[in-house]
>>> print(open('run_0.txt').read())   # compact mmCIF, C-alpha atoms and all ligand atoms
# COMPACT_ATOMS: atom_id res chain seq x y z
CA MET E 340 51.23 122.81 82.60
CA TYR E 341 48.48 122.03 80.04
CA ASP E 342 46.86 119.47 82.41
CA ARG E 343 43.63 121.43 82.69
CA SER E 344 43.74 123.10 79.27
CA ALA E 345 44.60 120.06 77.09
CA GLU E 346 40.91 119.35 76.37
CA ILE E 347 40.34 122.89 75.09
CA TYR E 348 43.76 123.35 73.43
CA ASP E 349 42.43 122.81 69.87
CA ALA E 350 39.56 125.24 70.44
CA ILE E 351 41.87 127.95 71.83
CA TYR E 352 44.32 127.60 68.94
CA SER E 353 41.73 127.10 66.17
CA PHE E 354 43.07 130.32 64.58
CA LYS E 355 46.36 128.56 63.78
CA ASN E 356 46.75 127.40 60.18
CA TYR E 357 48.43 124.02 60.72
CA GLU E 358 47.96 123.05 57.07
CA LYS E 359 49.85 126.08 55.76
CA GLU E 360 52.56 125.68 58.40
CA ALA E 361 53.03 121.98 57.51
CA ALA E 362 53.35 122.92 53.82
CA LYS E 363 56.18 125.36 54.65
CA LEU E 364 57.85 122.75 56.89
CA HIS E 365 57.72 120.23 54.03
CA GLU E 366 59.35 122.75 51.70
CA LEU E 367 62.13 123.50 54.22
CA ILE E 368 62.76 119.84 55.03
CA GLN E 369 63.09 119.01 51.33
CA LYS E 370 65.47 121.95 50.85
CA HIS E 371 67.79 121.15 53.79
CA LYS E 372 67.61 117.38 54.21
CA ARG E 373 70.47 115.33 52.79
CA SER E 374 69.37 111.86 53.97
CA PRO E 375 67.27 109.79 51.55
CA GLY E 376 64.44 108.66 53.87
CA ASN E 377 61.20 110.26 55.05
CA ASN E 378 60.68 109.41 58.70
CA LEU E 379 59.94 112.35 60.95
CA LEU E 380 59.70 112.83 64.72
CA GLU E 381 57.43 115.66 65.95
CA VAL E 382 58.82 116.60 69.40
CA ALA E 383 56.43 118.35 71.85
CA CYS E 384 53.67 117.40 69.42
CA GLY E 385 50.81 118.47 71.69
CA THR E 386 47.49 117.25 70.29
CA GLY E 387 49.15 116.53 66.90
CA GLY E 388 47.99 119.56 64.89
CA HIS E 389 50.96 119.51 62.50
CA ILE E 390 50.92 115.70 62.31
CA THR E 391 47.52 115.84 60.56
CA TYR E 392 49.28 117.27 57.51
CA LEU E 393 52.89 116.09 57.93
CA LYS E 394 51.75 112.46 57.86
CA LYS E 395 50.74 112.90 54.19
CA ASN E 396 54.42 113.18 53.19
CA TYR E 397 56.28 111.52 56.07
CA SER E 398 56.23 108.43 58.20
CA VAL E 399 55.60 110.31 61.46
CA GLU E 400 56.04 109.58 65.18
CA GLY E 401 55.16 112.01 67.96
CA LEU E 402 56.60 112.73 71.41
CA ASP E 403 55.37 114.89 74.26
CA ILE E 404 55.86 115.14 78.02
CA ASN E 405 52.18 115.62 78.83
CA GLN E 406 49.94 112.55 79.07
CA HIS E 407 46.72 114.51 78.42
CA MET E 408 48.12 116.00 75.21
CA LEU E 409 49.29 112.54 74.13
CA ARG E 410 45.89 110.96 74.82
CA LEU E 411 44.24 113.54 72.54
CA ALA E 412 46.93 113.14 69.86
CA LYS E 413 46.47 109.34 69.88
CA LYS E 414 42.70 109.72 69.54
CA LYS E 415 43.18 112.01 66.52
CA HIS E 416 45.88 109.80 64.93
CA PRO E 417 45.17 106.14 65.80
CA GLY E 418 47.76 104.80 63.31
CA ILE E 419 50.69 106.86 64.61
CA ILE E 420 53.26 105.86 67.26
CA PHE E 421 53.52 108.32 70.16
CA HIS E 422 56.15 108.38 72.91
CA ARG E 423 55.96 110.04 76.29
CA GLY E 424 59.24 111.79 77.02
CA ASP E 425 61.12 114.94 77.90
CA MET E 426 62.86 116.57 74.93
CA VAL E 427 65.94 117.07 77.11
CA SER E 428 66.45 113.40 77.87
CA PHE E 429 64.27 111.09 75.70
CA LYS E 430 66.02 108.09 74.18
CA LEU E 431 64.50 106.29 71.19
CA HIS E 432 66.15 103.37 69.45
CA ASN E 433 65.77 104.80 65.97
CA GLN E 434 66.98 107.89 64.14
CA PHE E 435 65.00 110.22 61.90
CA ASP E 436 65.40 112.09 58.62
CA ALA E 437 63.62 115.09 60.14
CA ILE E 438 62.78 116.26 63.67
CA THR E 439 60.50 119.22 64.34
CA CYS E 440 59.85 121.09 67.60
CA LEU E 441 57.23 123.77 66.98
CA PHE E 442 55.05 126.58 68.35
CA SER E 443 57.76 127.66 70.82
CA ALA E 444 57.57 124.43 72.85
CA ILE E 445 61.36 124.76 73.23
CA GLY E 446 60.75 127.82 75.46
CA HIS E 447 59.37 125.50 78.14
CA LEU E 448 63.01 124.70 78.86
CA LYS E 449 63.80 127.47 81.25
CA THR E 450 67.61 127.44 81.19
CA LYS E 451 70.34 127.74 78.60
CA ARG E 452 71.78 124.47 79.89
CA LYS E 453 68.53 122.59 79.18
CA LEU E 454 68.20 124.29 75.79
CA GLY E 455 71.67 123.00 74.87
CA LEU E 456 70.90 119.48 76.14
CA ALA E 457 67.61 119.30 74.20
CA ILE E 458 69.16 120.47 70.91
CA ARG E 459 72.00 117.97 71.37
CA ASN E 460 69.56 115.17 72.24
CA MET E 461 67.37 115.87 69.21
CA SER E 462 70.43 116.11 66.94
CA GLN E 463 71.62 112.71 68.22
CA HIS E 464 68.30 111.27 67.01
CA LEU E 465 68.94 112.52 63.46
CA LYS E 466 70.29 110.28 60.74
CA PRO E 467 73.42 111.60 58.99
CA GLY E 468 72.09 114.33 56.68
CA GLY E 469 68.88 114.64 58.72
CA VAL E 470 67.33 118.02 59.54
CA LEU E 471 66.16 119.57 62.83
CA ILE E 472 63.64 122.44 62.71
CA VAL E 473 62.94 124.41 65.90
CA GLU E 474 60.43 127.24 66.18
CA PRO E 475 61.70 129.43 69.03
CA TRP E 476 59.90 131.39 71.72
CA ILE E 477 60.34 135.15 71.43
CA THR E 478 63.57 136.88 72.46
CA PRO E 479 64.11 139.11 75.54
CA GLN E 480 64.01 142.16 73.22
CA GLN E 481 60.57 141.19 71.87
CA TRP E 482 59.01 140.46 75.29
CA HIS E 483 57.05 143.25 76.99
CA THR E 484 56.14 143.12 80.67
CA ARG E 485 52.57 144.04 81.66
CA SER E 486 51.06 143.71 78.21
CA VAL E 487 47.48 142.45 78.26
CA HIS E 488 46.36 139.43 76.18
CA ALA E 489 43.01 137.77 75.54
CA ASN E 490 41.72 134.93 73.41
CA PHE E 491 38.04 134.02 72.92
CA VAL E 492 36.21 130.93 71.70
CA ASP E 493 32.56 131.21 70.71
CA GLN E 494 31.14 127.82 69.70
CA PRO E 495 27.49 126.82 70.29
CA GLU E 496 28.30 124.63 73.33
CA LEU E 497 31.72 125.94 74.31
CA LYS E 498 32.61 129.50 75.31
CA ILE E 499 36.11 130.37 76.49
CA ALA E 500 37.73 133.59 77.61
CA ARG E 501 41.46 133.20 78.30
CA MET E 502 43.38 136.22 79.57
CA ASN E 503 46.76 137.06 80.96
CA ILE E 504 49.08 139.92 81.78
CA SER E 505 52.67 139.26 80.83
CA LYS E 506 55.18 139.14 83.68
CA THR E 507 58.94 138.72 83.79
CA LYS E 508 61.20 137.03 86.36
CA GLY E 509 64.88 137.28 85.44
CA LYS E 510 65.20 135.51 82.08
CA LEU E 511 61.75 133.93 82.30
CA SER E 512 58.53 135.10 80.69
CA ILE E 513 55.57 134.29 82.92
CA MET E 514 51.97 133.97 81.83
CA ASP E 515 49.27 133.21 84.37
CA MET E 516 46.55 132.08 81.97
CA HIS E 517 43.11 132.71 83.49
CA HIS E 518 40.54 130.50 81.77
CA LEU E 519 36.79 130.95 82.02
CA VAL E 520 35.21 127.95 80.31
CA ALA E 521 31.46 127.46 79.80
CA THR E 522 29.84 124.19 78.62
CA PRO E 523 26.20 123.07 79.01
CA LYS E 524 27.27 121.42 82.32
CA ARG E 525 29.06 124.26 84.12
CA VAL E 526 31.18 127.39 84.01
CA GLU E 527 34.68 126.81 85.36
CA HIS E 528 37.56 129.13 86.19
CA PHE E 529 41.13 127.93 86.45
CA VAL E 530 44.61 129.38 86.14
CA GLU E 531 47.55 127.71 84.45
CA ARG E 532 51.03 129.21 84.79
CA LEU E 533 53.30 129.04 81.76
CA GLU E 534 56.96 129.90 82.33
CA LEU E 535 59.10 130.11 79.20
CA GLY E 536 62.80 130.91 78.87
CA LEU E 537 63.66 134.11 77.00
CA PHE E 538 66.64 133.04 74.89
CA THR E 539 68.48 135.30 72.48
CA GLN E 540 69.14 134.42 68.84
CA GLU E 541 72.81 133.95 69.75
CA GLU E 542 71.83 131.43 72.45
CA TYR E 543 69.74 129.38 70.00
CA LEU E 544 72.49 129.51 67.35
CA ASP E 545 75.11 128.56 69.93
CA ALA E 546 73.04 125.50 70.98
CA PHE E 547 72.75 124.40 67.33
CA GLN E 548 76.44 124.96 66.65
CA ARG E 549 77.51 123.06 69.79
CA ALA E 550 75.36 120.15 68.55
CA LYS E 551 77.46 120.29 65.36
CA LEU E 552 74.52 121.14 63.12
CA GLY E 553 75.02 123.24 59.97
CA THR E 554 72.55 126.00 60.84
CA ASN E 555 70.26 128.36 58.94
CA TYR E 556 67.84 130.93 60.37
CA ASP E 557 64.53 131.78 58.66
CA ALA E 558 63.43 135.12 60.15
CA GLU E 559 59.75 134.83 59.18
CA GLY E 560 59.24 131.17 60.03
CA LEU E 561 55.73 129.78 60.38
CA MET E 562 54.04 132.68 62.21
CA GLY E 563 56.61 135.44 62.54
CA ARG E 564 58.63 133.84 65.36
CA GLY E 565 61.45 132.59 63.10
CA LEU E 566 62.82 129.08 62.62
CA TYR E 567 66.20 127.49 63.30
CA ILE E 568 67.07 124.81 60.76
CA GLY E 569 69.98 122.51 61.47
CA THR E 570 71.34 119.78 59.22
CA ARG E 571 73.50 116.97 60.58
CA ALA E 572 76.67 116.30 58.58
CA ASP E 573 76.07 113.39 56.22
CA CYS E 574 79.16 111.31 56.91
C1 LIG S 601 52.51 125.30 72.87
S1 LIG S 601 52.33 123.56 72.94
C2 LIG S 601 52.77 123.13 71.27
C3 LIG S 601 52.13 121.85 70.82
C4 LIG S 601 52.25 121.57 69.32
N1 LIG S 601 53.65 121.50 68.90
C5 LIG S 601 51.50 122.59 68.49
O1 LIG S 601 52.11 123.23 67.62
O2 LIG S 601 50.28 122.74 68.68
C6 LIG S 601 53.76 123.07 73.86
C7 LIG S 601 53.89 121.55 74.02
O3 LIG S 601 55.19 121.27 74.55
C8 LIG S 601 55.07 120.18 75.43
N2 LIG S 601 56.27 120.18 76.29
C9 LIG S 601 56.62 121.10 77.21
N3 LIG S 601 57.81 120.79 77.77
C10 LIG S 601 58.22 119.64 77.17
C11 LIG S 601 59.38 118.82 77.30
N4 LIG S 601 60.34 119.14 78.18
N5 LIG S 601 59.49 117.73 76.53
C12 LIG S 601 58.50 117.40 75.64
N6 LIG S 601 57.38 118.12 75.47
C13 LIG S 601 57.25 119.24 76.22
C14 LIG S 601 53.77 120.45 76.16
O4 LIG S 601 53.28 119.32 76.83
C15 LIG S 601 52.88 120.92 75.01
O5 LIG S 601 52.23 119.86 74.41
>>> encode(input="run_0.txt", output="structure tokens", more="lines below")
Ligand SMILES: C[S@@+](CC[C@H](N)C(=O)[O-])C[C@H]1O[C@@H](n2cnc3c(N)ncnc32)[C@H](O)[C@@H]1O
Amino acid sequence: MYDRSAEIYDAIYSFKNYEKEAAKLHELIQKHKRSPGNNLLEVACGTGGHITYLKKNYSVEGLDINQHMLRLAKKKHPGIIFHRGDMVSFKLHNQFDAITCLFSAIGHLKTKRKLGLAIRNMSQHLKPGGVLIVEPWITPQQWHTRSVHANFVDQPELKIARMNISKTKGKLSIMDMHHLVATPKRVEHFVERLELGLFTQEEYLDAFQRAKLGTNYDAEGLMGRGLYIGTRADC
């Protein structure tokens, strides 16, 4: 997962407005946070797109499971501490005023059990009064089998066509991402399979409530996928 595509991740997602998303996150953190500090952990940070802007207002650390993503994030943000870890089980020695987990990275956890463990683990890394913001993957009702998707990059020395047909296996959404990537050296084809859990709103809310977080849901969120915002009690 992402091993082959990490290098081209930023090109594929260049349409994403990380600056605008970070501005909304800042607004929500300030609204819901009750702790006085400003340190923030970006879980499943990928190449650090949000960190570029979040680091203006927060003392940021990043965490991801994928070493290629982390290498690129470190190159982009030499002054920032990054950790390699699984959101379900990572253990850091400090706690944070805010933790974010964005762009549906949470969907990579394929079971309700792992979803619950990850939300609990992240909430245990919050300071009293700290806030957890999770951008979910889409729900089973929103997912359509056999819909056709494509994404194109057209730079002078990089051309990419990425296509997939959505598939479903039980409660999993499956995307076999076919990449055709052209650089001055070669044209390559490779396929990366993404399998993401289709959790309902009730399942996300249940995970937050079990982690004892006071929870709010923002239906619009950063890009129409919604946001779950949980605040840890401040005593
Ligand atoms: C869609 S990308 C999102 C990256 C970044 N948050 C962004 O907005 O561009 C999903 C990220 O989740 C990471 N990831 C997947 N499963 C993970 C896990 N169990 N623990 C930590 N990171 C994980 C992947 O390595 C990848 O970097």
>>> residues_around(input="run_0.txt", residues="His517 of chain E", least_positions_apart="3", cutoff="6 Å", atoms="all atoms listed in the file", output="list in words")
Arg501, Met502, Phe529 and Val530 of chain E
>>> residues_near_ligand(input="run_0.txt", ligand="ligand LIG 601 (chain S)", cutoff="10 Å", atoms="only C-alpha atoms and all ligand atoms", output="CSV table (one decimal) with C-alpha atoms, in the frame of the given file")
chain,number,residue,atom,x,y,z
E,340,MET,CA,51.2,122.8,82.6
E,341,TYR,CA,48.5,122.0,80.0
E,342,ASP,CA,46.9,119.5,82.4
E,345,ALA,CA,44.6,120.1,77.1
E,348,TYR,CA,43.8,123.4,73.4
E,349,ASP,CA,42.4,122.8,69.9
E,352,TYR,CA,44.3,127.6,68.9
E,353,SER,CA,41.7,127.1,66.2
E,355,LYS,CA,46.4,128.6,63.8
E,357,TYR,CA,48.4,124.0,60.7
E,360,GLU,CA,52.6,125.7,58.4
E,381,GLU,CA,57.4,115.7,66.0
E,382,VAL,CA,58.8,116.6,69.4
E,383,ALA,CA,56.4,118.4,71.8
E,384,CYS,CA,53.7,117.4,69.4
E,385,GLY,CA,50.8,118.5,71.7
E,386,THR,CA,47.5,117.2,70.3
E,387,GLY,CA,49.2,116.5,66.9
E,388,GLY,CA,48.0,119.6,64.9
E,389,HIS,CA,51.0,119.5,62.5
E,390,ILE,CA,50.9,115.7,62.3
E,401,GLY,CA,55.2,112.0,68.0
E,402,LEU,CA,56.6,112.7,71.4
E,403,ASP,CA,55.4,114.9,74.3
E,404,ILE,CA,55.9,115.1,78.0
E,405,ASN,CA,52.2,115.6,78.8
E,406,GLN,CA,49.9,112.6,79.1
E,407,HIS,CA,46.7,114.5,78.4
E,408,MET,CA,48.1,116.0,75.2
E,409,LEU,CA,49.3,112.5,74.1
E,412,ALA,CA,46.9,113.1,69.9
E,422,HIS,CA,56.2,108.4,72.9
E,423,ARG,CA,56.0,110.0,76.3
E,424,GLY,CA,59.2,111.8,77.0
E,425,ASP,CA,61.1,114.9,77.9
E,426,MET,CA,62.9,116.6,74.9
E,427,VAL,CA,65.9,117.1,77.1
E,428,SER,CA,66.4,113.4,77.9
E,429,PHE,CA,64.3,111.1,75.7
E,439,THR,CA,60.5,119.2,64.3
E,440,CYS,CA,59.8,121.1,67.6
E,441,LEU,CA,57.2,123.8,67.0
E,442,PHE,CA,55.0,126.6,68.4
E,443,SER,CA,57.8,127.7,70.8
E,444,ALA,CA,57.6,124.4,72.8
E,445,ILE,CA,61.4,124.8,73.2
E,446,GLY,CA,60.8,127.8,75.5
E,447,HIS,CA,59.4,125.5,78.1
E,448,LEU,CA,63.0,124.7,78.9
E,449,LYS,CA,63.8,127.5,81.2
E,453,LYS,CA,68.5,122.6,79.2
E,454,LEU,CA,68.2,124.3,75.8
E,457,ALA,CA,67.6,119.3,74.2
E,474,GLU,CA,60.4,127.2,66.2
E,476,TRP,CA,59.9,131.4,71.7
E,533,LEU,CA,53.3,129.0,81.8
E,535,LEU,CA,59.1,130.1,79.2
>>> residues_around(input="run_0.txt", residues="Leu544 of chain E", least_positions_apart="6", cutoff="9 Å", atoms="only C-alpha atoms", output="ChimeraX atom specification")
/E:554-556,567
>>> closest_residue(input="run_0.txt", among="E:Val487, E:Leu471, E:Ile368, E:Ile351", to="Ala550 of chain E", atoms="all atoms listed in the file")
E:Leu471
>>> closest_residue(input="run_0.txt", among="E:Val399, E:Ile499, E:Ala572, E:Val526", to="Gly468 of chain E", atoms="all atoms listed in the file")
E:Ala572
>>> closest_residue(input="run_0.txt", among="E:Arg343, E:Ala362, E:Asp436, E:Lys372", to="Gly560 of chain E", atoms="only C-alpha atoms")
E:Ala362
>>> atom_distance(input="run_0.txt", atom1="atom CA of Lys498 of chain E", atom2="atom CA of Leu411 of chain E")
19.9 Å
>>> atom_distance(input="run_0.txt", atom1="atom CA of Lys506 of chain E", atom2="atom CA of Ile347 of chain E")
23.6 Å
>>> closest_residue(input="run_0.txt", among="E:Leu566, E:Ala437, E:Ala521, E:Leu497", to="Leu465 of chain E", atoms="only C-alpha atoms")
E:Ala437
>>> axis_aligned_box(input="run_0.txt", around="segment 535-538 of chain E", padding_each_side="3 Å", output="lines of an AutoDock Vina configuration file")
center_x = 62.9
center_y = 132.1
center_z = 77.0
size_x = 13.5
size_y = 10.0
size_z = 10.3
>>> residues_near_point(input="run_0.txt", point="(61.7, 133.3, 81.6)", cutoff="7 Å", atoms="all atoms listed in the file", output="PDB file with C-alpha atoms, keeping the file's coordinate frame")
ATOM      1  CA  LYS E 449      63.800 127.470  81.250  1.00  0.00           C
ATOM      2  CA  THR E 507      58.940 138.720  83.790  1.00  0.00           C
ATOM      3  CA  LYS E 508      61.200 137.030  86.360  1.00  0.00           C
ATOM      4  CA  GLY E 509      64.880 137.280  85.440  1.00  0.00           C
ATOM      5  CA  LYS E 510      65.200 135.510  82.080  1.00  0.00           C
ATOM      6  CA  LEU E 511      61.750 133.930  82.300  1.00  0.00           C
ATOM      7  CA  SER E 512      58.530 135.100  80.690  1.00  0.00           C
ATOM      8  CA  ILE E 513      55.570 134.290  82.920  1.00  0.00           C
ATOM      9  CA  GLU E 534      56.960 129.900  82.330  1.00  0.00           C
ATOM     10  CA  LEU E 535      59.100 130.110  79.200  1.00  0.00           C
ATOM     11  CA  GLY E 536      62.800 130.910  78.870  1.00  0.00           C
ATOM     12  CA  LEU E 537      63.660 134.110  77.000  1.00  0.00           C
TER      13      LEU E 537
END
>>> closest_residue(input="run_0.txt", among="E:Ile472, E:Asn460, E:Glu366, E:Ile438", to="Ser398 of chain E", atoms="only C-alpha atoms")
E:Ile438
>>> closest_residue(input="run_0.txt", among="E:Asn503, E:Asn433, E:Asn356, E:Ser374", to="His464 of chain E", atoms="only C-alpha atoms")
E:Asn433
>>> residues_around(input="run_0.txt", residues="Arg571 of chain E", least_positions_apart="5", cutoff="8 Å", atoms="all atoms listed in the file", output="JSON list (two decimals) with C-alpha atoms, in the frame of the given file")
[["chain", "number", "residue", "atom", "x", "y", "z"],
["E", 462, "SER", "CA", 70.43, 116.11, 66.94],
["E", 465, "LEU", "CA", 68.94, 112.52, 63.46],
["E", 466, "LYS", "CA", 70.29, 110.28, 60.74],
["E", 467, "PRO", "CA", 73.42, 111.60, 58.99],
["E", 468, "GLY", "CA", 72.09, 114.33, 56.68],
["E", 469, "GLY", "CA", 68.88, 114.64, 58.72],
["E", 470, "VAL", "CA", 67.33, 118.02, 59.54],
["E", 551, "LYS", "CA", 77.46, 120.29, 65.36],
["E", 552, "LEU", "CA", 74.52, 121.14, 63.12],
["E", 553, "GLY", "CA", 75.02, 123.24, 59.97]]
>>> atom_distance(input="run_0.txt", atom1="atom CA of Leu519 of chain E", atom2="atom CA of Phe354 of chain E")
18.5 Å
>>> decode(input="run_0.txt", residues="segment 514-524 of chain E", atoms="all heavy atoms", output="compact mmCIF listing (two decimals), in the first residue's frame")
# COMPACT_ATOMS: atom_id res chain seq x y z
N MET E 514 -10.23 -0.91 -4.24
CA MET E 514 -9.83 -0.13 -5.40
C MET E 514 -8.50 -0.65 -5.92
O MET E 514 -7.48 -0.51 -5.25
CB MET E 514 -9.69 1.35 -5.02
CG MET E 514 -11.03 2.01 -4.73
SD MET E 514 -10.86 3.47 -3.67
CE MET E 514 -10.66 2.72 -2.07
N ASP E 515 -8.52 -1.29 -7.07
CA ASP E 515 -7.27 -1.70 -7.72
C ASP E 515 -6.83 -0.52 -8.58
O ASP E 515 -7.36 -0.33 -9.68
CB ASP E 515 -7.49 -2.96 -8.56
CG ASP E 515 -7.62 -4.19 -7.69
OD1 ASP E 515 -6.94 -4.25 -6.65
OD2 ASP E 515 -8.42 -5.08 -8.03
N MET E 516 -5.88 0.24 -8.07
CA MET E 516 -5.45 1.47 -8.75
C MET E 516 -4.41 1.12 -9.82
O MET E 516 -3.27 0.77 -9.49
CB MET E 516 -4.82 2.44 -7.74
CG MET E 516 -5.77 2.89 -6.67
SD MET E 516 -7.08 3.92 -7.38
CE MET E 516 -7.72 4.71 -5.90
N HIS E 517 -4.81 1.24 -11.07
CA HIS E 517 -3.88 1.02 -12.19
C HIS E 517 -3.18 2.33 -12.49
O HIS E 517 -3.84 3.32 -12.81
CB HIS E 517 -4.64 0.55 -13.44
CG HIS E 517 -5.16 -0.85 -13.30
ND1 HIS E 517 -4.58 -1.92 -13.92
CD2 HIS E 517 -6.19 -1.32 -12.58
CE1 HIS E 517 -5.24 -3.01 -13.59
NE2 HIS E 517 -6.22 -2.68 -12.79
N HIS E 518 -1.86 2.33 -12.39
CA HIS E 518 -1.09 3.55 -12.67
C HIS E 518 -0.30 3.35 -13.96
O HIS E 518 0.38 2.34 -14.13
CB HIS E 518 -0.06 3.82 -11.57
CG HIS E 518 -0.64 4.07 -10.21
ND1 HIS E 518 -1.18 3.08 -9.42
CD2 HIS E 518 -0.74 5.21 -9.48
CE1 HIS E 518 -1.59 3.61 -8.27
NE2 HIS E 518 -1.33 4.89 -8.28
N LEU E 519 -0.37 4.34 -14.82
CA LEU E 519 0.51 4.40 -15.99
C LEU E 519 1.31 5.69 -15.81
O LEU E 519 0.73 6.79 -15.80
CB LEU E 519 -0.33 4.44 -17.26
CG LEU E 519 0.34 4.06 -18.56
CD1 LEU E 519 0.94 2.65 -18.49
CD2 LEU E 519 -0.67 4.11 -19.71
N VAL E 520 2.63 5.54 -15.61
CA VAL E 520 3.46 6.68 -15.23
C VAL E 520 4.59 6.87 -16.24
O VAL E 520 5.41 5.96 -16.45
CB VAL E 520 4.08 6.46 -13.83
CG1 VAL E 520 4.87 7.69 -13.39
CG2 VAL E 520 2.99 6.15 -12.80
N ALA E 521 4.63 8.04 -16.87
CA ALA E 521 5.68 8.32 -17.86
C ALA E 521 6.61 9.41 -17.36
O ALA E 521 6.17 10.48 -16.91
CB ALA E 521 5.05 8.75 -19.18
N THR E 522 7.93 9.12 -17.39
CA THR E 522 8.98 10.12 -17.10
C THR E 522 9.94 10.06 -18.29
O THR E 522 9.80 9.18 -19.15
CB THR E 522 9.74 9.76 -15.80
OG1 THR E 522 10.38 8.50 -16.00
CG2 THR E 522 8.82 9.70 -14.60
N PRO E 523 10.93 10.97 -18.36
CA PRO E 523 11.86 10.91 -19.49
C PRO E 523 12.60 9.56 -19.56
O PRO E 523 13.09 9.17 -20.61
CB PRO E 523 12.84 12.06 -19.21
CG PRO E 523 12.02 13.03 -18.40
CD PRO E 523 11.14 12.19 -17.55
N LYS E 524 12.66 8.81 -18.45
CA LYS E 524 13.39 7.53 -18.45
C LYS E 524 12.57 6.36 -18.99
O LYS E 524 13.07 5.50 -19.68
CB LYS E 524 13.84 7.17 -17.03
CG LYS E 524 15.04 7.97 -16.56
CD LYS E 524 15.55 7.41 -15.26
CE LYS E 524 16.62 8.32 -14.69
NZ LYS E 524 16.67 8.26 -13.24
